[in-house]
file coords.tsv (TSV, C-alpha atoms)
chain	number	residue	atom	x	y	z
A	1	MET	CA	73.73	91.24	78.87
A	2	LYS	CA	71.61	92.80	81.58
A	3	ILE	CA	72.70	94.87	84.55
A	4	THR	CA	72.47	93.07	87.90
A	5	LYS	CA	73.85	95.93	90.01
A	6	VAL	CA	74.71	99.61	89.49
A	7	PHE	CA	77.65	100.87	91.57
A	8	ASN	CA	78.02	104.31	90.03
A	9	ASN	CA	77.99	106.07	86.66
A	10	ASN	CA	81.08	104.17	85.53
A	11	LEU	CA	80.71	100.68	87.03
A	12	VAL	CA	78.00	98.00	86.85
A	13	ALA	CA	77.70	94.25	87.40
A	14	THR	CA	76.32	91.73	84.94
A	15	ILE	CA	76.13	88.05	84.00
A	16	THR	CA	78.02	87.33	80.78
A	17	PRO	CA	76.72	85.02	78.04
A	18	GLU	CA	79.16	82.43	79.43
A	19	LYS	CA	77.25	82.63	82.77
A	20	ARG	CA	80.14	84.34	84.53
A	21	GLU	CA	79.59	87.20	86.93
A	22	ALA	CA	81.57	90.30	86.03
A	23	LEU	CA	82.04	93.97	86.78
A	24	LEU	CA	82.02	96.22	83.73
A	25	SER	CA	83.70	99.60	83.77
A	26	GLY	CA	83.41	102.41	81.27
A	27	THR	CA	82.57	106.10	81.16
A	28	GLY	CA	78.82	106.54	81.67
A	29	ILE	CA	78.06	102.81	81.55
A	30	GLY	CA	75.90	103.09	84.68
A	31	PHE	CA	74.51	106.60	84.13
A	32	GLY	CA	70.74	106.60	84.45
A	33	LYS	CA	70.69	102.80	84.50
A	34	LYS	CA	68.87	100.41	86.84
A	35	VAL	CA	68.88	96.67	87.50
A	36	GLY	CA	67.47	94.80	84.51
A	37	ASP	CA	68.51	97.33	81.88
A	38	VAL	CA	70.56	96.10	78.94
A	39	VAL	CA	74.27	96.91	79.07
A	40	ASP	CA	75.45	99.42	76.47
A	41	GLN	CA	78.35	97.35	75.15
A	42	SER	CA	79.83	100.31	73.28
A	43	LYS	CA	80.71	101.85	76.65
A	44	ILE	CA	82.55	98.83	78.09
A	45	THR	CA	86.22	99.56	78.80
A	46	ASN	CA	87.13	96.59	81.00
A	47	TYR	CA	85.72	93.29	82.29
A	48	TYR	CA	86.53	92.15	85.84
A	49	TYR	CA	85.37	88.61	86.47
A	50	VAL	CA	84.13	87.98	90.00
A	51	GLU	CA	84.50	84.61	91.70
A	52	ASN	CA	82.11	83.60	94.49
A	53	GLN	CA	84.67	83.73	97.30
A	54	ARG	CA	85.56	87.37	96.64
A	55	LYS	CA	82.21	88.67	95.33
A	56	LYS	CA	80.93	90.08	98.61
A	57	LEU	CA	84.21	91.78	99.49
A	58	LEU	CA	84.69	93.33	96.05
A	59	TYR	CA	81.04	94.47	95.84
A	60	GLN	CA	81.23	96.14	99.25
A	61	MET	CA	84.48	97.83	98.32
A	62	MET	CA	83.26	99.21	95.02
A	63	GLU	CA	80.22	100.80	96.68
A	64	THR	CA	82.58	103.47	98.07
A	65	THR	CA	85.74	103.17	95.96
A	66	PRO	CA	86.16	105.05	92.66
A	67	VAL	CA	86.50	102.74	89.68
A	68	GLU	CA	89.91	104.26	88.86
A	69	TYR	CA	91.40	102.30	91.76
A	70	LEU	CA	90.15	99.02	90.28
A	71	GLU	CA	91.56	100.00	86.89
A	72	ILE	CA	94.95	100.86	88.40
A	73	ALA	CA	95.03	97.58	90.37
A	74	GLU	CA	94.18	95.67	87.19
A	75	ALA	CA	96.98	97.47	85.33
A	76	ILE	CA	99.44	96.57	88.10
A	77	LEU	CA	98.36	92.92	87.94
A	78	ASP	CA	98.75	92.92	84.15
A	79	ARG	CA	102.21	94.49	84.42
A	80	ALA	CA	103.28	91.94	87.02
A	81	ASN	CA	102.13	89.02	84.86
A	82	ARG	CA	104.11	90.38	81.91
A	83	LYS	CA	107.28	90.94	83.93
A	84	LEU	CA	107.31	87.82	86.12
A	85	SER	CA	107.87	84.20	85.15
A	86	LYS	CA	105.16	83.02	87.58
A	87	HIS	CA	101.46	83.73	87.18
A	88	VAL	CA	100.05	86.28	89.62
A	89	SER	CA	96.51	85.36	90.67
A	90	ASP	CA	93.78	87.97	90.31
A	91	THR	CA	92.52	86.93	93.75
A	92	ILE	CA	94.77	89.72	95.08
A	93	LEU	CA	92.64	92.40	93.37
A	94	PRO	CA	90.31	93.18	96.33
A	95	ALA	CA	93.20	93.51	98.78
A	96	LEU	CA	95.26	95.54	96.29
A	97	VAL	CA	92.37	97.90	95.51
A	98	ASP	CA	91.76	98.40	99.22
A	99	HIS	CA	95.46	99.06	99.87
A	100	LEU	CA	95.69	101.62	97.06
A	101	TYR	CA	92.58	103.43	98.26
A	102	VAL	CA	93.81	103.62	101.86
A	103	ALA	CA	97.37	104.60	100.89
A	104	ILE	CA	96.28	107.35	98.49
A	105	THR	CA	93.67	108.71	100.91
A	106	ARG	CA	96.28	108.74	103.68
A	107	THR	CA	98.85	110.51	101.46
A	108	LYS	CA	96.33	113.19	100.47
A	109	LYS	CA	95.93	113.92	104.19
A	110	GLY	CA	99.69	114.26	104.58
A	111	LYS	CA	100.05	111.03	106.51
A	112	GLN	CA	102.40	108.12	105.77
A	113	VAL	CA	103.02	104.70	107.28
A	114	PRO	CA	106.69	103.62	107.16
A	115	ASN	CA	107.41	100.26	105.55
A	116	LEU	CA	109.57	98.46	108.12
A	117	ILE	CA	110.48	95.72	105.65
A	118	HIS	CA	111.14	98.00	102.66
A	119	VAL	CA	114.82	97.03	102.36
A	120	GLU	CA	114.12	93.30	102.66
A	121	THR	CA	111.34	93.46	100.07
A	122	LYS	CA	113.48	95.39	97.59
A	123	MET	CA	116.32	92.88	97.99
A	124	MET	CA	114.34	89.63	97.90
A	125	TYR	CA	111.69	90.54	95.33
A	126	PRO	CA	113.43	92.98	92.93
A	127	VAL	CA	111.12	92.38	89.96
A	128	GLU	CA	107.99	92.78	92.07
A	129	TYR	CA	109.52	95.92	93.57
A	130	GLU	CA	110.18	97.35	90.10
A	131	VAL	CA	106.52	96.74	89.25
A	132	GLY	CA	105.69	98.59	92.46
A	133	LEU	CA	107.78	101.58	91.33
A	134	TRP	CA	106.03	101.46	87.96
A	135	ALA	CA	102.70	101.51	89.83
A	136	LEU	CA	103.74	104.67	91.68
A	137	ARG	CA	104.41	106.38	88.34
A	138	LEU	CA	101.03	105.20	87.04
A	139	ILE	CA	99.26	106.57	90.13
A	140	LYS	CA	101.06	109.90	89.70
A	141	MET	CA	99.93	110.05	86.07
A	142	ARG	CA	96.34	108.92	86.65
A	143	LEU	CA	95.54	110.58	89.99
A	144	ASN	CA	98.29	113.21	90.39
A	145	VAL	CA	99.24	111.74	93.77
A	146	THR	CA	102.90	111.09	94.65
A	147	LEU	CA	103.29	108.06	96.87
A	148	PRO	CA	106.59	107.36	98.71
A	149	ASP	CA	108.87	104.52	97.59
A	150	ASP	CA	107.79	102.61	100.71
A	151	GLU	CA	104.51	101.97	98.89
A	152	ALA	CA	106.37	100.20	96.07
A	153	GLY	CA	107.41	97.68	98.72
A	154	PHE	CA	103.85	97.21	99.95
A	155	ILE	CA	102.61	96.70	96.38
A	156	ALA	CA	105.44	94.18	95.77
A	157	ILE	CA	104.25	92.15	98.77
A	158	HIS	CA	100.70	92.03	97.36
A	159	ILE	CA	102.13	90.80	94.05
A	160	GLN	CA	104.25	88.16	95.77
A	161	ASN	CA	101.20	86.97	97.72
A	162	GLY	CA	99.50	86.49	94.35
A	163	GLU	CA	102.44	84.41	93.12
A	164	ASP	CA	102.74	82.22	96.22
A	165	GLU	CA	100.30	79.30	96.20
A	166	SER	CA	101.17	78.25	99.75
A	167	ASN	CA	98.94	80.94	101.30
A	168	GLU	CA	101.78	81.96	103.61
A	169	ASP	CA	101.99	85.63	104.47
A	170	VAL	CA	105.07	87.02	102.73
A	171	SER	CA	105.19	90.04	105.05
A	172	ASP	CA	105.60	87.72	108.06
A	173	MET	CA	108.55	86.03	106.40
A	174	LEU	CA	110.13	89.37	105.51
A	175	MET	CA	109.70	90.60	109.07
A	176	PHE	CA	111.54	87.48	110.28
A	177	VAL	CA	114.37	88.22	107.84
A	178	LYS	CA	114.51	91.81	109.11
A	179	GLU	CA	114.53	90.78	112.78
A	180	THR	CA	117.32	88.27	112.20
A	181	THR	CA	119.49	90.52	110.05
A	182	ASP	CA	119.01	93.35	112.57
A	183	ILE	CA	120.43	91.05	115.26
A	184	ILE	CA	123.38	90.19	113.02
A	185	ALA	CA	124.05	93.83	112.10
A	186	GLU	CA	123.91	94.90	115.74
A	187	SER	CA	126.04	92.00	116.97
A	188	PHE	CA	128.86	92.67	114.50
A	189	ASN	CA	128.35	96.43	114.17
A	190	CYS	CA	127.96	96.13	110.42
A	191	ARG	CA	125.58	97.39	107.77
A	192	PHE	CA	123.21	95.14	105.82
A	193	ASP	CA	123.96	96.11	102.20
A	194	VAL	CA	121.09	95.08	99.89
A	195	ASN	CA	123.44	95.12	96.88
A	196	SER	CA	125.89	92.63	98.39
A	197	THR	CA	125.74	89.13	96.92
A	198	ASP	CA	126.66	87.58	100.27
A	199	ASN	CA	123.88	89.52	102.02
A	200	GLN	CA	121.38	88.43	99.38
A	201	ARG	CA	122.43	84.81	99.90
A	202	LEU	CA	121.99	85.20	103.65
A	203	ALA	CA	118.51	86.66	103.16
A	204	THR	CA	117.58	83.81	100.82
A	205	HIS	CA	118.87	81.28	103.36
A	206	LEU	CA	116.71	82.93	106.05
A	207	LYS	CA	113.70	82.85	103.74
A	208	PHE	CA	113.96	79.08	103.25
A	209	PHE	CA	114.80	78.60	106.92
A	210	TYR	CA	111.56	80.42	107.80
A	211	GLN	CA	109.56	78.25	105.41
A	212	ARG	CA	111.01	75.06	106.90
A	213	MET	CA	110.30	76.37	110.40
A	214	MET	CA	106.67	77.14	109.52
A	215	HIS	CA	106.27	73.59	108.17
A	216	HIS	CA	108.01	72.05	111.20
A	217	GLN	CA	110.86	70.76	109.07
A	218	THR	CA	114.47	70.70	110.21
A	219	THR	CA	117.83	70.29	108.53
A	220	THR	CA	119.97	67.77	110.34
A	221	ILE	CA	123.40	66.46	109.43
A	222	VAL	CA	125.61	64.31	111.61
A	223	ASN	CA	129.08	65.06	112.98
A	224	VAL	CA	128.80	68.87	112.87
A	225	GLU	CA	130.18	69.41	116.37
A	226	ASP	CA	133.73	70.15	115.23
A	227	MET	CA	132.49	72.55	112.56
A	228	TYR	CA	130.24	74.24	115.12
A	229	ARG	CA	133.13	74.76	117.56
A	230	LEU	CA	135.27	76.17	114.78
A	231	LEU	CA	132.63	78.63	113.54
A	232	ILE	CA	131.38	79.75	116.96
A	233	THR	CA	134.93	80.87	117.84
A	234	LYS	CA	135.75	82.30	114.41
A	235	HIS	CA	134.61	85.75	115.55
A	236	LYS	CA	134.44	87.09	119.08
A	237	ASP	CA	130.80	88.20	118.67
A	238	MET	CA	129.47	85.04	116.99
A	239	LYS	CA	128.38	83.32	120.21
A	240	LYS	CA	126.43	86.39	121.34
A	241	CYS	CA	124.80	86.72	117.91
A	242	MET	CA	123.67	83.10	117.78
A	243	HIS	CA	122.35	83.33	121.33
A	244	HIS	CA	120.13	86.29	120.41
A	245	ILE	CA	118.88	84.54	117.27
A	246	SER	CA	118.13	81.38	119.25
A	247	GLU	CA	116.21	83.43	121.84
A	248	LEU	CA	114.21	85.14	119.08
A	249	LEU	CA	113.26	81.77	117.59
A	250	LYS	CA	112.22	80.32	120.95
A	251	LYS	CA	110.31	83.37	122.14
A	252	ASP	CA	108.50	84.47	118.97
A	253	TYR	CA	108.28	81.24	116.99
A	254	ALA	CA	108.44	78.48	119.63
A	255	TYR	CA	111.23	76.92	117.61
A	256	GLN	CA	114.45	75.27	118.80
A	257	ILE	CA	117.18	75.70	116.20
A	258	THR	CA	119.30	72.60	115.58
A	259	LEU	CA	123.08	72.49	115.65
A	260	SER	CA	123.13	71.82	111.90
A	261	GLU	CA	121.00	74.88	111.22
A	262	GLU	CA	123.27	77.01	113.39
A	263	VAL	CA	126.28	75.81	111.38
A	264	TYR	CA	124.66	76.71	108.05
A	265	LEU	CA	123.59	80.10	109.38
A	266	MET	CA	127.02	80.90	110.84
A	267	MET	CA	128.65	80.11	107.49
A	268	HIS	CA	126.44	82.69	105.78
A	269	ILE	CA	127.03	85.23	108.56
A	270	LEU	CA	130.80	84.85	108.29
A	271	LYS	CA	130.70	85.44	104.53
A	272	MET	CA	128.61	88.53	105.13
A	273	ILE	CA	130.84	90.12	107.76
A	274	GLN	CA	134.04	89.19	105.90
A	275	SER	CA	132.79	91.06	102.83
A	276	GLU	CA	132.31	94.23	104.86
call {"tool": "encode", "arguments": {"input": "coords.tsv", "output": "structure tokens"}}
result
Amino acid sequence: MKITKVFNNNLVATITPEKREALLSGTGIGFGKKVGDVVDQSKITNYYYVENQRKKLLYQMMETTPVEYLEIAEAILDRANRKLSKHVSDTILPALVDHLYVAITRTKKGKQVPNLIHVETKMMYPVEYEVGLWALRLIKMRLNVTLPDDEAGFIAIHIQNGEDESNEDVSDMLMFVKETTDIIAESFNCRFDVNSTDNQRLATHLKFFYQRMMHHQTTTIVNVEDMYRLLITKHKDMKKCMHHISELLKKDYAYQITLSEEVYLMMHILKMIQSE
């Protein structure tokens, strides 16, 4: 194999015998090398295959990013694929490498960005979040940088984006769950406990509600008027809560919630507040 690009002393690009473009990492693999030189295969530590759609982005990134960040991102991806039942696509590598580089650089400067959907991520994607915590320990070991737990949530979202083939932004869905549960918590003066089974069911309901809303699908059942009247008066603050949720949906999502959907949502809300 011959070198097609030298990034630094420890990272080069090549074309494999199978005609696949790849990045090769290894200590000293690029030292003193130039385009056209034969790769010293004894120095190869890892192969990173590069697809056309992400070649430019990854190449630009690795011009200025230490190879350790690519190795850590690859280790996170490998860990996720071993822990999760669904395959996590390696198309997330460029975005994950970039996130790690920015987060670690920011932390070294004493700056942090709060994760506003940390609680929702931890609750809805517990396995991905555990991989995120594992990643923080790996970063501490490899780079001696301690990242806050908020970063485990951010890493979990990257992993979930690699699992989800619908190309929907998971962070947008989680923000919707947060906005809605914040309204519920404020309306009923209660706390959203991530360990509560009823709260987890509510969050899952909101997740699927969001997906239906994004695909312009609605849930409609007939003869729900009596059930609606019963539920809306079951708690003195229910009407106010549903009004705020309806306004959120209309204002931010241009969506008109149906009576059936309100009934389903109120049933979950009642279970949540009754378990308080």
call {"tool": "residues_near_point", "arguments": {"input": "coords.tsv", "point": "(116.0, 87.6, 111.6)", "cutoff": "10 Å", "atoms": "all atoms listed in the file", "output": "list in words"}}
result
Met173, Leu174, Met175, Phe176, Val177, Lys178, Glu179, Thr180, Thr181, Asp182, Ile183, Ile184, Ala203, Leu206, Lys207, Tyr210, His244, Ile245, Leu248 and Leu249 of chain A
call {"tool": "closest_residue", "arguments": {"input": "coords.tsv", "among": "A:Gln112, A:Val38, A:Ala75, A:Gly162", "to": "His87 in chain A", "atoms": "all atoms listed in the file"}}
result
A:Gly162
call {"tool": "residues_around", "arguments": {"input": "coords.tsv", "residues": "Phe192 in chain A", "least_positions_apart": "2", "cutoff": "12 Å", "atoms": "all atoms listed in the file", "output": "MDAnalysis selection string"}}
result
chainID A and resid 119:120 123 177:190 194:203 269 272:273 275:276
call {"tool": "residues_around", "arguments": {"input": "coords.tsv", "residues": "Asn9 in chain A", "least_positions_apart": "6", "cutoff": "7 Å", "atoms": "all atoms listed in the file", "output": "JSON, numbers by chain"}}
result
{"A": [28, 29, 30, 31]}
call {"tool": "residues_around", "arguments": {"input": "coords.tsv", "residues": "Ala152 in chain A", "least_positions_apart": "3", "cutoff": "9 Å", "atoms": "all atoms listed in the file", "output": "PyMOL selection string"}}
result
chain A and resi 118+122+128-136+147-149+155-157
call {"tool": "atom_distance", "arguments": {"input": "coords.tsv", "atom1": "CA of Arg82 in chain A", "atom2": "CA of Leu100 in chain A"}}
result
20.7 Å
call {"tool": "atom_distance", "arguments": {"input": "coords.tsv", "atom1": "CA of Glu51 in chain A", "atom2": "CA of Asp37 in chain A"}}
result
22.7 Å
call {"tool": "closest_residue", "arguments": {"input": "coords.tsv", "among": "A:Val102, A:Met141, A:Val35, A:Met1", "to": "Thr64 in chain A", "atoms": "all atoms listed in the file"}}
result
A:Val102
call {"tool": "closest_residue", "arguments": {"input": "coords.tsv", "among": "A:Gly26, A:Arg106, A:Leu84, A:Lys5", "to": "Gln60 in chain A", "atoms": "only C-alpha atoms"}}
result
A:Lys5
